[in-house]
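K.L.:
Handing you a structure now.
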Amino acid sequence: MNKEIIFLYLMIFPWSGVSGQALSGIPENRENINSSGVIIHVDPRIDRMIERLIAANKGKQGVDGYRIQIFFNSGPEARDEANRLKAKILSDYPGVPVYIIFQSPFYKVRIGDFRTKNDALGTYYSLKRKFPSAYIVKDIIRLPDLRNK
């Protein structure tokens, strides 16, 4: 009997005219009416949060993804070694993007633009034989231009 009363209460309460927003102190919402006549209450904080997210993403020059780092060093020969590795990778793996990154005082050589870590694993295992110190890192990657394909 008690379970039936609780179930009935839970079914009726959302339809009673009591608004959770009126009780919580959330600022007044704007209303949108869609084509079916349903009123949608939109919290203005959501619009501000979306605007901040869009502004933050405009500053990025790509999207979050993964690359394989095969070189990390500093010193007088680090730049030359990074360039040698880049040339070797470009000749051994044509079509795979290679990046030399300088973050003072270190030079890094990273390979690929992988959307997920799982995408990077195949290339990683192939490179691990030649470069035992290789590992997968999070990075901002460039997405391929799909318009020309």
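Every chain in the structure tokens takes a letter, A first, then B, and so on in the order presented; its residues are numbered from 1, and the ligands are numbered from 1 following the presented order.
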I'd like the neighbourhood of Ile100 in chain A as an mmCIF file with C-alpha atoms, in the first residue's frame, where a residue qualifies if any of its atoms comes within 12 Å (using only C-alpha atoms), though same-chain residues fewer than 4 positions away should be ignored.
P.N.:
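Below you can see around19.cif, which holds the result:
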data_model
loop_
_atom_site.group_PDB
_atom_site.id
_atom_site.type_symbol
_atom_site.label_atom_id
_atom_site.label_comp_id
_atom_site.auth_asym_id
_atom_site.auth_seq_id
_atom_site.Cartn_x
_atom_site.Cartn_y
_atom_site.Cartn_z
ATOM 1 C CA ARG A 67 50.336 12.524 -30.758
ATOM 2 C CA ILE A 68 53.283 10.202 -30.315
ATOM 3 C CA GLN A 69 56.379 11.826 -28.864
ATOM 4 C CA ILE A 70 59.631 10.194 -29.956
ATOM 5 C CA PHE A 71 62.171 12.813 -28.908
ATOM 6 C CA PHE A 72 62.623 15.117 -25.923
ATOM 7 C CA ASN A 73 65.959 16.785 -25.285
ATOM 8 C CA ALA A 78 68.977 19.027 -29.609
ATOM 9 C CA ARG A 79 67.705 21.144 -32.525
ATOM 10 C CA ASP A 80 69.849 19.346 -35.090
ATOM 11 C CA GLU A 81 68.863 15.942 -33.695
ATOM 12 C CA ALA A 82 65.157 16.901 -33.827
ATOM 13 C CA ASN A 83 65.525 17.926 -37.488
ATOM 14 C CA ARG A 84 67.341 14.657 -38.319
ATOM 15 C CA LEU A 85 64.570 12.637 -36.680
ATOM 16 C CA LYS A 86 61.898 14.597 -38.540
ATOM 17 C CA ALA A 87 63.609 13.892 -41.889
ATOM 18 C CA ILE A 89 60.265 9.876 -40.050
ATOM 19 C CA PHE A 106 63.494 21.492 -24.758
ATOM 20 C CA TYR A 107 62.994 20.298 -28.314
ATOM 21 C CA LYS A 108 60.301 17.691 -28.877
ATOM 22 C CA VAL A 109 59.430 15.646 -31.944
ATOM 23 C CA ARG A 110 55.818 14.495 -32.139
ATOM 24 C CA ILE A 111 54.115 12.404 -34.775
ATOM 25 C CA GLY A 112 50.536 12.221 -36.007
#
K.L.:
Which residues, written as a ChimeraX atom specification, have at least one atom at most 10 Å from range 58-61 of chain A, with only C-alpha atoms counted and residues fewer than 2 positions away on the same chain left out?
P.N.:
/A:53-56,63-64,140-143
K.L.:
Quick one: distance from CA of Ile136 in chain A to CA of Tyr124 in chain A in Å, one decimal?
P.N.:
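These atoms are spaced 7.3 Å apart.
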K.L.:
Which of these, A:Asp113, A:Asp92, A:Asp43, A:Glu51, has the shortest distance to Val137 in chain A once you count only C-alpha atoms?
P.N.:
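Of A:Asp113, A:Asp92, A:Asp43, A:Glu51, the one nearest Val137 in chain A, counting only C-alpha atoms, is A:Asp113.
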K.L.:
What is the CA of Asn57 in chain A to CA of Lys138 in chain A distance in Å?
P.N.:
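For CA of Asn57 in chain A relative to CA of Lys138 in chain A, the distance reads 16.5 Å.
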